[in-house]
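S.K.: Take a look at run-v5.cif, mmCIF, C-alpha atoms and all ligand atoms:
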```
data_input
loop_
_atom_site.label_atom_id
_atom_site.label_comp_id
_atom_site.auth_asym_id
_atom_site.auth_seq_id
_atom_site.Cartn_x
_atom_site.Cartn_y
_atom_site.Cartn_z
CA MET A 9 41.43 72.03 -13.64
CA ALA A 10 37.99 71.49 -15.18
CA THR A 11 34.98 72.11 -12.96
CA VAL A 12 32.64 69.32 -11.91
CA LEU A 13 30.04 70.62 -14.34
CA GLU A 14 32.50 70.60 -17.22
CA ARG A 15 33.57 67.05 -16.49
CA VAL A 16 29.98 65.83 -16.04
CA THR A 17 29.07 67.54 -19.29
CA LYS A 18 31.83 65.79 -21.16
CA VAL A 19 30.74 62.38 -19.87
CA ILE A 20 27.14 63.09 -20.89
CA VAL A 21 28.08 64.37 -24.34
CA ASP A 22 30.25 61.31 -24.97
CA ARG A 23 27.73 58.83 -23.65
CA LEU A 24 24.46 60.23 -24.97
CA GLY A 25 25.72 61.88 -28.12
CA VAL A 26 23.99 65.18 -27.33
CA GLU A 27 25.30 68.71 -28.02
CA GLU A 28 27.20 70.44 -25.24
CA ASN A 29 24.73 73.32 -25.12
CA GLU A 30 21.85 70.91 -24.43
CA VAL A 31 23.49 69.86 -21.17
CA LYS A 32 21.94 72.40 -18.82
CA LEU A 33 21.67 72.02 -15.06
CA GLU A 34 17.89 71.61 -15.24
CA ALA A 35 17.99 69.13 -18.14
CA SER A 36 16.66 65.71 -17.18
CA PHE A 37 18.51 62.64 -18.45
CA THR A 38 15.50 60.72 -19.66
CA GLY A 39 13.21 63.59 -20.60
CA ASP A 40 15.48 66.24 -22.16
CA LEU A 41 18.60 64.28 -23.07
CA GLY A 42 16.94 61.22 -24.55
CA ALA A 43 18.53 58.63 -22.28
CA ASP A 44 16.83 55.30 -21.67
CA SER A 45 17.04 53.59 -18.29
CA LEU A 46 20.12 51.58 -19.30
CA ASP A 47 21.85 54.77 -20.49
CA VAL A 48 21.31 56.27 -17.05
CA VAL A 49 22.87 53.21 -15.40
CA GLU A 50 25.87 53.54 -17.72
CA LEU A 51 26.12 57.25 -17.15
CA VAL A 52 26.33 56.68 -13.41
CA MET A 53 29.02 54.03 -13.97
CA GLU A 54 31.05 56.47 -15.99
CA LEU A 55 30.64 59.23 -13.45
CA GLU A 56 31.91 56.78 -10.84
CA ASP A 57 35.00 56.20 -12.94
CA GLU A 58 35.50 59.86 -13.84
CA PHE A 59 35.30 61.02 -10.23
CA ASP A 60 36.69 57.85 -8.67
CA MET A 61 33.78 57.43 -6.27
CA GLU A 62 31.06 54.89 -5.55
CA ILE A 63 27.50 55.96 -6.17
CA SER A 64 25.02 53.63 -4.47
CA ASP A 65 21.94 52.43 -6.33
CA GLU A 66 19.71 54.44 -4.00
CA ASP A 67 21.66 57.63 -4.62
CA ALA A 68 21.69 56.97 -8.35
CA GLU A 69 17.92 56.65 -8.36
CA GLY A 70 17.68 60.15 -6.94
CA MET A 71 19.60 61.65 -9.85
CA ALA A 72 17.17 62.84 -12.49
CA THR A 73 18.87 65.94 -13.85
CA VAL A 74 22.35 67.16 -14.69
CA GLY A 75 22.13 69.47 -11.68
CA ASP A 76 21.31 66.53 -9.39
CA ALA A 77 24.45 64.76 -10.51
CA VAL A 78 26.67 67.84 -10.23
CA SER A 79 25.53 68.76 -6.74
CA TYR A 80 25.73 65.14 -5.58
CA ILE A 81 29.32 64.90 -6.77
CA GLU A 82 30.30 68.29 -5.37
CA LYS A 83 28.83 67.38 -2.00
CA LYS A 84 30.61 64.03 -1.96
CA GLN A 85 33.93 65.59 -2.90
CA ALA A 86 33.69 68.31 -0.27
CA MET B 21 36.08 26.33 -35.72
CA SER B 22 34.97 28.47 -32.82
CA ASP B 23 37.85 30.62 -31.73
CA LEU B 24 38.13 32.37 -28.38
CA THR B 25 41.69 33.66 -28.69
CA GLY B 26 42.28 36.64 -26.43
CA LYS B 27 38.91 36.29 -24.67
CA THR B 28 38.49 35.82 -20.96
CA ALA B 29 35.84 33.43 -19.69
CA ILE B 30 34.53 32.89 -16.18
CA ILE B 31 33.08 29.39 -15.78
CA THR B 32 31.18 28.87 -12.54
CA GLY B 33 31.27 25.42 -10.98
CA ALA B 34 34.22 24.35 -13.10
CA SER B 35 35.94 22.04 -10.63
CA ARG B 36 33.99 18.99 -11.79
CA GLY B 37 31.63 17.60 -14.38
CA ILE B 38 30.27 19.76 -17.17
CA GLY B 39 31.93 22.95 -15.94
CA ALA B 40 35.39 21.36 -15.90
CA GLU B 41 34.87 20.19 -19.46
CA ILE B 42 33.72 23.65 -20.57
CA ALA B 43 36.78 25.20 -18.94
CA LYS B 44 39.13 22.84 -20.80
CA ARG B 45 37.37 23.28 -24.15
CA PHE B 46 37.36 27.06 -23.89
CA ALA B 47 41.05 27.05 -23.01
CA GLU B 48 41.74 24.87 -26.04
CA ALA B 49 39.89 27.44 -28.12
CA GLY B 50 42.28 30.09 -26.84
CA ALA B 51 40.41 31.68 -23.93
CA ASN B 52 41.88 32.70 -20.59
CA VAL B 53 39.76 30.72 -18.17
CA VAL B 54 38.62 31.40 -14.62
CA VAL B 55 37.84 28.08 -12.97
CA ASN B 56 35.33 28.89 -10.23
CA TYR B 57 34.43 26.44 -7.47
CA SER B 58 32.81 26.47 -4.05
CA GLY B 59 34.52 23.69 -2.10
CA SER B 60 36.67 21.42 -4.26
CA GLN B 61 39.89 23.40 -4.29
CA GLN B 62 42.08 20.48 -5.29
CA LYS B 63 39.86 19.52 -8.18
CA ALA B 64 39.72 23.11 -9.38
CA GLU B 65 43.50 23.34 -9.22
CA ALA B 66 43.77 20.08 -11.14
CA VAL B 67 41.61 21.59 -13.91
CA VAL B 68 43.88 24.65 -13.99
CA GLU B 69 46.93 22.40 -14.11
CA ALA B 70 45.50 20.37 -17.00
CA ILE B 71 44.79 23.56 -18.93
CA LYS B 72 48.30 24.88 -18.36
CA GLN B 73 49.87 21.56 -19.35
CA ASN B 74 48.00 21.99 -22.58
CA GLY B 75 49.50 25.43 -23.13
CA GLY B 76 46.45 27.38 -21.93
CA GLU B 77 45.91 30.11 -19.33
CA ALA B 78 43.75 29.61 -16.26
CA ILE B 79 43.29 30.52 -12.62
CA ALA B 80 41.12 28.92 -9.94
CA VAL B 81 38.89 31.23 -7.90
CA LYS B 82 36.76 30.19 -4.97
CA ALA B 83 33.38 31.89 -4.68
CA ASN B 84 29.90 30.82 -3.75
CA VAL B 85 27.88 32.00 -6.77
CA ALA B 86 25.01 33.16 -4.59
CA ASP B 87 27.28 35.43 -2.51
CA ALA B 88 27.43 38.84 -4.18
CA GLU B 89 30.53 39.98 -2.28
CA ALA B 90 32.50 36.87 -3.16
CA VAL B 91 31.43 37.08 -6.79
CA LYS B 92 32.41 40.73 -6.99
CA ALA B 93 35.84 39.80 -5.68
CA MET B 94 36.07 37.03 -8.29
CA VAL B 95 35.34 39.50 -11.09
CA GLU B 96 37.98 41.86 -9.69
CA GLU B 97 40.49 39.03 -9.55
CA THR B 98 39.63 38.18 -13.16
CA MET B 99 40.19 41.77 -14.26
CA ALA B 100 43.50 41.91 -12.42
CA ALA B 101 44.68 38.65 -14.01
CA PHE B 102 43.40 39.03 -17.56
CA GLY B 103 42.10 42.59 -18.04
CA SER B 104 38.65 41.82 -19.45
CA VAL B 105 35.56 39.68 -18.94
CA ASP B 106 34.19 38.56 -22.28
CA ILE B 107 32.31 35.39 -21.44
CA LEU B 108 30.38 34.18 -18.41
CA VAL B 109 29.16 30.61 -18.25
CA ASN B 110 26.72 30.13 -15.39
CA ASN B 111 27.17 26.44 -14.84
CA ALA B 112 27.30 25.93 -11.05
CA GLY B 113 24.32 23.92 -9.92
CA ILE B 114 23.13 21.48 -7.30
CA THR B 115 20.24 19.07 -6.73
CA ARG B 116 18.35 18.29 -3.51
CA ASP B 117 15.70 15.93 -4.85
CA ASN B 118 12.54 15.06 -2.97
CA LEU B 119 8.84 14.70 -3.59
CA MET B 120 7.14 18.01 -3.15
CA MET B 121 5.13 16.63 -0.22
CA ARG B 122 8.37 15.79 1.56
CA MET B 123 10.51 18.68 0.43
CA LYS B 124 11.89 20.80 3.26
CA ASP B 125 12.15 24.54 3.02
CA ASP B 126 15.92 24.44 3.15
CA GLU B 127 16.06 21.95 0.27
CA TRP B 128 13.98 24.39 -1.73
CA ASP B 129 16.04 27.42 -0.65
CA ASP B 130 19.45 25.84 -1.25
CA VAL B 131 18.65 24.89 -4.81
CA ILE B 132 16.96 28.15 -5.73
CA ASN B 133 19.85 30.09 -4.18
CA THR B 134 22.64 28.32 -6.00
CA ASN B 135 20.93 27.58 -9.31
CA LEU B 136 18.81 30.68 -9.83
CA LYS B 137 20.03 33.46 -7.55
CA GLY B 138 23.59 32.44 -8.44
CA VAL B 139 22.92 33.17 -12.10
CA PHE B 140 21.44 36.55 -11.23
CA VAL B 141 24.35 37.49 -8.96
CA CYS B 142 27.06 36.46 -11.43
CA THR B 143 25.34 38.04 -14.41
CA LYS B 144 24.91 41.30 -12.56
CA ALA B 145 28.54 41.26 -11.50
CA VAL B 146 29.95 40.96 -15.04
CA THR B 147 27.47 43.26 -16.72
CA ARG B 148 29.26 46.46 -15.80
CA GLN B 149 32.45 45.36 -17.49
CA MET B 150 30.67 43.89 -20.51
CA MET B 151 28.62 47.06 -20.98
CA LYS B 152 31.81 49.10 -21.00
CA GLN B 153 33.34 46.72 -23.50
CA ARG B 154 30.20 46.90 -25.62
CA SER B 155 30.40 43.14 -26.00
CA GLY B 156 29.89 40.01 -23.98
CA ARG B 157 28.54 36.50 -24.06
CA ILE B 158 26.50 34.97 -21.29
CA VAL B 159 25.79 31.26 -21.47
CA ASN B 160 23.51 29.73 -18.85
CA ILE B 161 23.42 26.01 -18.21
CA ALA B 162 19.75 25.26 -17.57
CA SER B 163 18.25 21.78 -17.91
CA ILE B 164 15.73 20.05 -20.09
CA VAL B 165 13.63 19.35 -16.98
CA GLY B 166 13.14 23.11 -16.72
CA VAL B 167 11.19 22.77 -19.96
CA MET B 168 9.36 19.49 -19.34
CA GLY B 169 9.06 19.24 -15.54
CA ASN B 170 10.21 16.25 -13.50
CA ALA B 171 8.59 14.49 -10.57
CA GLY B 172 10.78 14.67 -7.46
CA GLN B 173 12.65 17.81 -8.54
CA ALA B 174 10.27 20.69 -7.81
CA ASN B 175 13.06 22.92 -6.54
CA TYR B 176 15.52 22.07 -9.32
CA VAL B 177 12.92 22.33 -12.10
CA ALA B 178 11.70 25.68 -10.81
CA SER B 179 15.29 26.95 -10.66
CA LYS B 180 16.04 25.83 -14.22
CA ALA B 181 12.79 27.17 -15.67
CA GLY B 182 13.70 30.37 -13.87
CA VAL B 183 17.11 30.38 -15.53
CA ILE B 184 15.49 30.09 -18.96
CA GLY B 185 13.28 33.10 -18.21
CA LEU B 186 16.21 35.02 -16.78
CA THR B 187 18.21 34.26 -19.94
CA LYS B 188 15.50 35.88 -22.06
CA THR B 189 15.35 38.97 -19.86
CA THR B 190 19.14 39.31 -19.80
CA ALA B 191 19.11 39.04 -23.59
CA ARG B 192 16.52 41.79 -23.93
CA GLU B 193 18.06 44.15 -21.37
CA LEU B 194 21.59 43.97 -22.74
CA ALA B 195 21.15 43.43 -26.47
CA SER B 196 21.66 47.11 -27.24
CA ARG B 197 25.11 46.90 -25.64
CA GLY B 198 26.34 44.02 -27.78
CA ILE B 199 25.84 41.41 -25.07
CA THR B 200 24.07 38.15 -25.87
CA ALA B 201 22.58 35.65 -23.46
CA ASN B 202 21.62 32.11 -24.35
CA ALA B 203 20.99 28.91 -22.47
CA VAL B 204 21.82 25.27 -22.94
CA ALA B 205 19.29 22.77 -21.64
CA PRO B 206 21.05 19.43 -21.29
CA GLY B 207 19.19 16.20 -20.78
CA PHE B 208 20.84 13.36 -18.92
CA ILE B 209 24.62 13.90 -18.88
CA THR B 210 26.95 11.46 -17.14
CA THR B 211 28.56 13.33 -14.19
CA ASP B 212 28.70 13.15 -10.36
CA MET B 213 25.26 14.75 -10.36
CA THR B 214 23.64 11.91 -12.28
CA ASP B 215 25.80 9.12 -10.85
CA GLN B 216 23.93 9.56 -7.58
CA LEU B 217 20.60 8.60 -9.18
CA ASN B 218 19.55 4.99 -8.61
CA GLU B 219 19.42 2.46 -11.41
CA ASP B 220 15.63 2.45 -11.72
CA ILE B 221 15.57 6.17 -12.38
CA GLN B 222 18.47 5.85 -14.83
CA LYS B 223 16.59 3.11 -16.71
CA SER B 224 13.36 5.04 -16.89
CA MET B 225 15.23 8.13 -18.11
CA MET B 226 16.94 6.06 -20.79
CA SER B 227 13.60 4.89 -22.14
CA GLN B 228 12.68 8.51 -22.85
CA ILE B 229 15.80 9.27 -24.89
CA PRO B 230 15.37 8.69 -28.63
CA LEU B 231 19.14 8.59 -29.21
CA GLY B 232 19.28 5.77 -26.67
CA ARG B 233 22.23 6.94 -24.56
CA PHE B 234 23.18 9.51 -21.97
CA GLY B 235 25.12 12.57 -23.05
CA LYS B 236 28.74 13.39 -22.26
CA PRO B 237 30.04 16.57 -20.61
CA GLU B 238 32.11 17.35 -23.71
CA GLU B 239 28.93 17.40 -25.78
CA VAL B 240 27.58 20.16 -23.56
CA ALA B 241 30.92 21.93 -23.72
CA LYS B 242 30.77 22.04 -27.52
CA ALA B 243 27.36 23.70 -27.45
CA ALA B 244 28.54 26.19 -24.84
CA LEU B 245 31.59 26.96 -26.97
CA PHE B 246 29.39 27.67 -29.97
CA LEU B 247 27.19 30.04 -27.95
CA ALA B 248 30.22 31.81 -26.47
CA SER B 249 31.92 32.34 -29.82
CA ASP B 250 31.38 34.65 -32.77
CA GLU B 251 29.67 31.80 -34.59
CA ALA B 252 26.56 32.56 -32.54
CA SER B 253 26.70 36.32 -33.09
CA TYR B 254 23.08 36.65 -34.27
CA MET B 255 21.56 34.45 -31.59
CA THR B 256 20.25 35.72 -28.26
CA GLY B 257 17.60 34.72 -25.73
CA GLN B 258 17.51 31.14 -27.00
CA THR B 259 17.67 27.80 -25.25
CA LEU B 260 19.50 25.00 -27.04
CA HIS B 261 18.14 21.56 -26.17
CA LEU B 262 20.91 19.03 -25.85
CA ASP B 263 19.04 15.99 -24.73
CA GLY B 264 19.26 13.17 -27.25
CA GLY B 265 15.81 14.14 -28.45
CA MET B 266 13.87 13.93 -25.15
CA VAL B 267 11.96 17.12 -25.89
CA MET B 268 11.11 18.20 -29.41
N1 LIG C 301 24.50 16.17 -15.25
C1 LIG C 301 23.35 16.34 -15.86
O1 LIG C 301 22.70 15.38 -16.31
C2 LIG C 301 22.79 17.70 -16.05
C3 LIG C 301 21.66 17.83 -16.82
C4 LIG C 301 21.13 19.08 -17.03
C5 LIG C 301 21.72 20.18 -16.47
N2 LIG C 301 22.83 20.04 -15.71
C6 LIG C 301 23.40 21.25 -15.14
O2 LIG C 301 24.74 21.37 -15.51
C7 LIG C 301 25.45 22.07 -14.50
C8 LIG C 301 26.68 21.27 -14.08
O3 LIG C 301 26.24 20.00 -13.60
P1 LIG C 301 27.22 18.79 -13.33
O4 LIG C 301 26.45 17.57 -13.63
O5 LIG C 301 28.50 19.03 -13.97
O6 LIG C 301 27.35 18.92 -11.73
P2 LIG C 301 28.47 18.41 -10.73
O7 LIG C 301 29.33 17.40 -11.39
O8 LIG C 301 27.76 18.06 -9.48
O9 LIG C 301 29.37 19.75 -10.51
C9 LIG C 301 28.78 20.88 -9.94
C10 LIG C 301 29.76 22.01 -9.96
O10 LIG C 301 29.12 23.19 -9.41
C11 LIG C 301 29.92 23.70 -8.37
N3 LIG C 301 29.07 24.38 -7.38
C12 LIG C 301 28.05 23.87 -6.66
N4 LIG C 301 27.52 24.81 -5.86
C13 LIG C 301 28.24 25.94 -6.06
C14 LIG C 301 28.19 27.26 -5.52
N5 LIG C 301 27.28 27.62 -4.61
N6 LIG C 301 29.10 28.17 -5.97
C15 LIG C 301 30.03 27.84 -6.90
N7 LIG C 301 30.11 26.60 -7.43
C16 LIG C 301 29.24 25.67 -7.02
C17 LIG C 301 30.67 22.52 -7.83
O11 LIG C 301 31.82 23.02 -7.16
P3 LIG C 301 32.52 22.15 -5.98
O12 LIG C 301 33.22 21.02 -6.69
O13 LIG C 301 33.47 23.10 -5.35
O14 LIG C 301 31.41 21.67 -5.10
C18 LIG C 301 30.98 21.77 -9.10
O15 LIG C 301 32.09 22.32 -9.76
C19 LIG C 301 24.47 22.30 -13.37
O16 LIG C 301 23.92 23.59 -13.47
C20 LIG C 301 23.41 21.26 -13.64
O17 LIG C 301 22.18 21.64 -13.11
C21 LIG C 301 23.39 18.82 -15.49
#
```
Would it be possible to restate this file's structure as structure tokens?
Ligand SMILES: NC(=O)c1ccc[n+]([C@@H]2O[C@H](COP(=O)([O-])OP(=O)(O)OC[C@H]3O[C@@H](n4cnc5c(N)ncnc54)[C@H](OP(=O)(O)O)[C@@H]3O)[C@@H](O)[C@H]2O)c1

M.R.:
Amino acid sequence: MATVLERVTKVIVDRLGVEENEVKLEASFTGDLGADSLDVVELVMELEDEFDMEISDEDAEGMATVGDAVSYIEKKQA
Amino acid sequence: MSDLTGKTAIITGASRGIGAEIAKRFAEAGANVVVNYSGSQQKAEAVVEAIKQNGGEAIAVKANVADAEAVKAMVEETMAAFGSVDILVNNAGITRDNLMMRMKDDEWDDVINTNLKGVFVCTKAVTRQMMKQRSGRIVNIASIVGVMGNAGQANYVASKAGVIGLTKTTARELASRGITANAVAPGFITTDMTDQLNEDIQKSMMSQIPLGRFGKPEEVAKAALFLASDEASYMTGQTLHLDGGMVM
């Protein structure tokens, strides 16, 4: 079973077309990974599908980095 | 010919008038059609029946376009029935005419809610699916009075001018995902909505129409079909005037 980080990484690589080694916990979506605001919206949609959960708009706004997303998902799954 | 084979289209306010005509046309062009309505269940079911008689696919779904929960459920029902949402036609609309001096707050609110907020709510609700699909067509039915203004229709004119602006923003926000948004601005089209106008108003409208007649719902439907089809693939953010030449 892949870890949350591995699954998040795959979604990001597919969506943003970045290299796997660029997807670090501290990497920010818009700053480091070159996402625009619409990309971030889509990314959140795909994470919702991947992890079968709803992420509210407020929560999504708080997700700036890969680490934010991973810990949010881990907390919600716990 | 514009072909919509295999596409799924949600038409809001399709139980009567222009929306019913759009639903039938789109079905003829091969689309699976969702006939949305707010109150006229029997009329909506009659539209579905007519489409099926003609060999098309359609379902009727009740939802107030300004109610986000109901609209979300409509999109889910559409996905369950047809598996995609390729086209949204925001057609539902109402009038509550009055001189501005006499206009009540609830007349203002009702029209802005249905005509403008409704377009926002429905557009937002289909965007997720269209973004995933990397394609989509949004066609908003505005009105020529949203361009030229009209005494006695402050609420309606503001809503329709708002729809034209919203169309442009939708076009810009979603262009990179293969989604286009365009509007049709009809002039005076013969439907229930215009039948309620008195003869004096009808006469004075007529005098402003170079083509010298009112339009027909099927003429609006043809323009909507064009905008919803691949024929209009390089067009987004535009408003087509369909008004017998009232505004040029
Ligand atoms: N007729 C014209 O001359 C003209 C000119 C310019 C623009 N337009 C625009 O064209 C569109 C259609 O007009 P029309 O003349 O065909 O009107 P209409 O004959 O009065 O039909 C209006 C349709 O909208 C539906 N509707 C109303 N409120 C709704 C709501 N809250 N949620 C969902 N559906 C709702 C109605 O459903 P129910 O039957 O269930 O009530 C009906 O199907 C409108 O946006 C109108 O502003 C018309």

S.K.: Could you list, as a list of chain:residue names, the residues of chain A having an atom within 9 Å of chain B when counting all atoms listed in the file?

M.R.: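 Going by the stated atoms only, the list reads A:Leu46, A:Glu50, A:Met53, A:Glu54.
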
S.K.: As a quick test: using all atoms listed in the file, which residues lie no more than 7 Å away from ligand LIG 301 (chain C)? Give them as a CSV table (one decimal) with C-alpha atoms, keeping the file's coordinate frame.

M.R.:
```csv
chain,number,residue,atom,x,y,z
B,32,THR,CA,31.2,28.9,-12.5
B,33,GLY,CA,31.3,25.4,-11.0
B,34,ALA,CA,34.2,24.4,-13.1
B,35,SER,CA,35.9,22.0,-10.6
B,36,ARG,CA,34.0,19.0,-11.8
B,37,GLY,CA,31.6,17.6,-14.4
B,38,ILE,CA,30.3,19.8,-17.2
B,39,GLY,CA,31.9,23.0,-15.9
B,56,ASN,CA,35.3,28.9,-10.2
B,57,TYR,CA,34.4,26.4,-7.5
B,58,SER,CA,32.8,26.5,-4.0
B,59,GLY,CA,34.5,23.7,-2.1
B,60,SER,CA,36.7,21.4,-4.3
B,61,GLN,CA,39.9,23.4,-4.3
B,63,LYS,CA,39.9,19.5,-8.2
B,83,ALA,CA,33.4,31.9,-4.7
B,84,ASN,CA,29.9,30.8,-3.8
B,85,VAL,CA,27.9,32.0,-6.8
B,86,ALA,CA,25.0,33.2,-4.6
B,111,ASN,CA,27.2,26.4,-14.8
B,112,ALA,CA,27.3,25.9,-11.0
B,113,GLY,CA,24.3,23.9,-9.9
B,114,ILE,CA,23.1,21.5,-7.3
B,134,THR,CA,22.6,28.3,-6.0
B,135,ASN,CA,20.9,27.6,-9.3
B,161,ILE,CA,23.4,26.0,-18.2
B,162,ALA,CA,19.8,25.3,-17.6
B,163,SER,CA,18.2,21.8,-17.9
B,164,ILE,CA,15.7,20.0,-20.1
B,205,ALA,CA,19.3,22.8,-21.6
B,206,PRO,CA,21.0,19.4,-21.3
B,207,GLY,CA,19.2,16.2,-20.8
B,208,PHE,CA,20.8,13.4,-18.9
B,209,ILE,CA,24.6,13.9,-18.9
B,210,THR,CA,27.0,11.5,-17.1
B,211,THR,CA,28.6,13.3,-14.2
B,212,ASP,CA,28.7,13.2,-10.4
B,213,MET,CA,25.3,14.8,-10.4
B,214,THR,CA,23.6,11.9,-12.3
```

S.K.: Let me make sure I understand: among A:Asn29, A:Lys83, A:Leu24, A:Val48, which one has the smallest atom-to-atom distance to Glu69 in chain A if we use all atoms listed in the file?

M.R.: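 Closest residue, counting all atoms listed in the file: A:Val48.
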
S.K.: Using only C-alpha atoms, find all polymer residues with an atom at most 10 Å away from the point (24.0, 57.0, -15.6); report them as an MDAnalysis selection string.

M.R.: chainID A and resid 19:20 23:24 37 43:56 68:69 71:72 77

S.K.: Hey, can I get the axis-aligned box for range 78-82 of chain A? All listed atoms, 5 Å padding on each side, centre and edge lengths in Å to one decimal, as lines of an AutoDock Vina configuration file.

M.R.:
```
center_x = 27.9
center_y = 66.8
center_z = -7.8
size_x = 14.8
size_y = 13.9
size_z = 14.9
```

S.K.: Can you measure CA of Glu251 in chain B to CA of Gly50 in chain B for me? One decimal in Å is fine.

M.R.: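 Straight-line distance from CA of Glu251 in chain B to CA of Gly50 in chain B works out to 14.9 Å.
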
S.K.: Of the candidates B:Gly166, B:Gly257, B:Pro237, B:Gly185, which shows the shortest atom-to-atom distance to Arg45 in chain B, using all atoms listed in the file?

M.R.: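 When distances to Arg45 in chain B are compared using all atoms listed in the file, the smallest one comes from B:Pro237.
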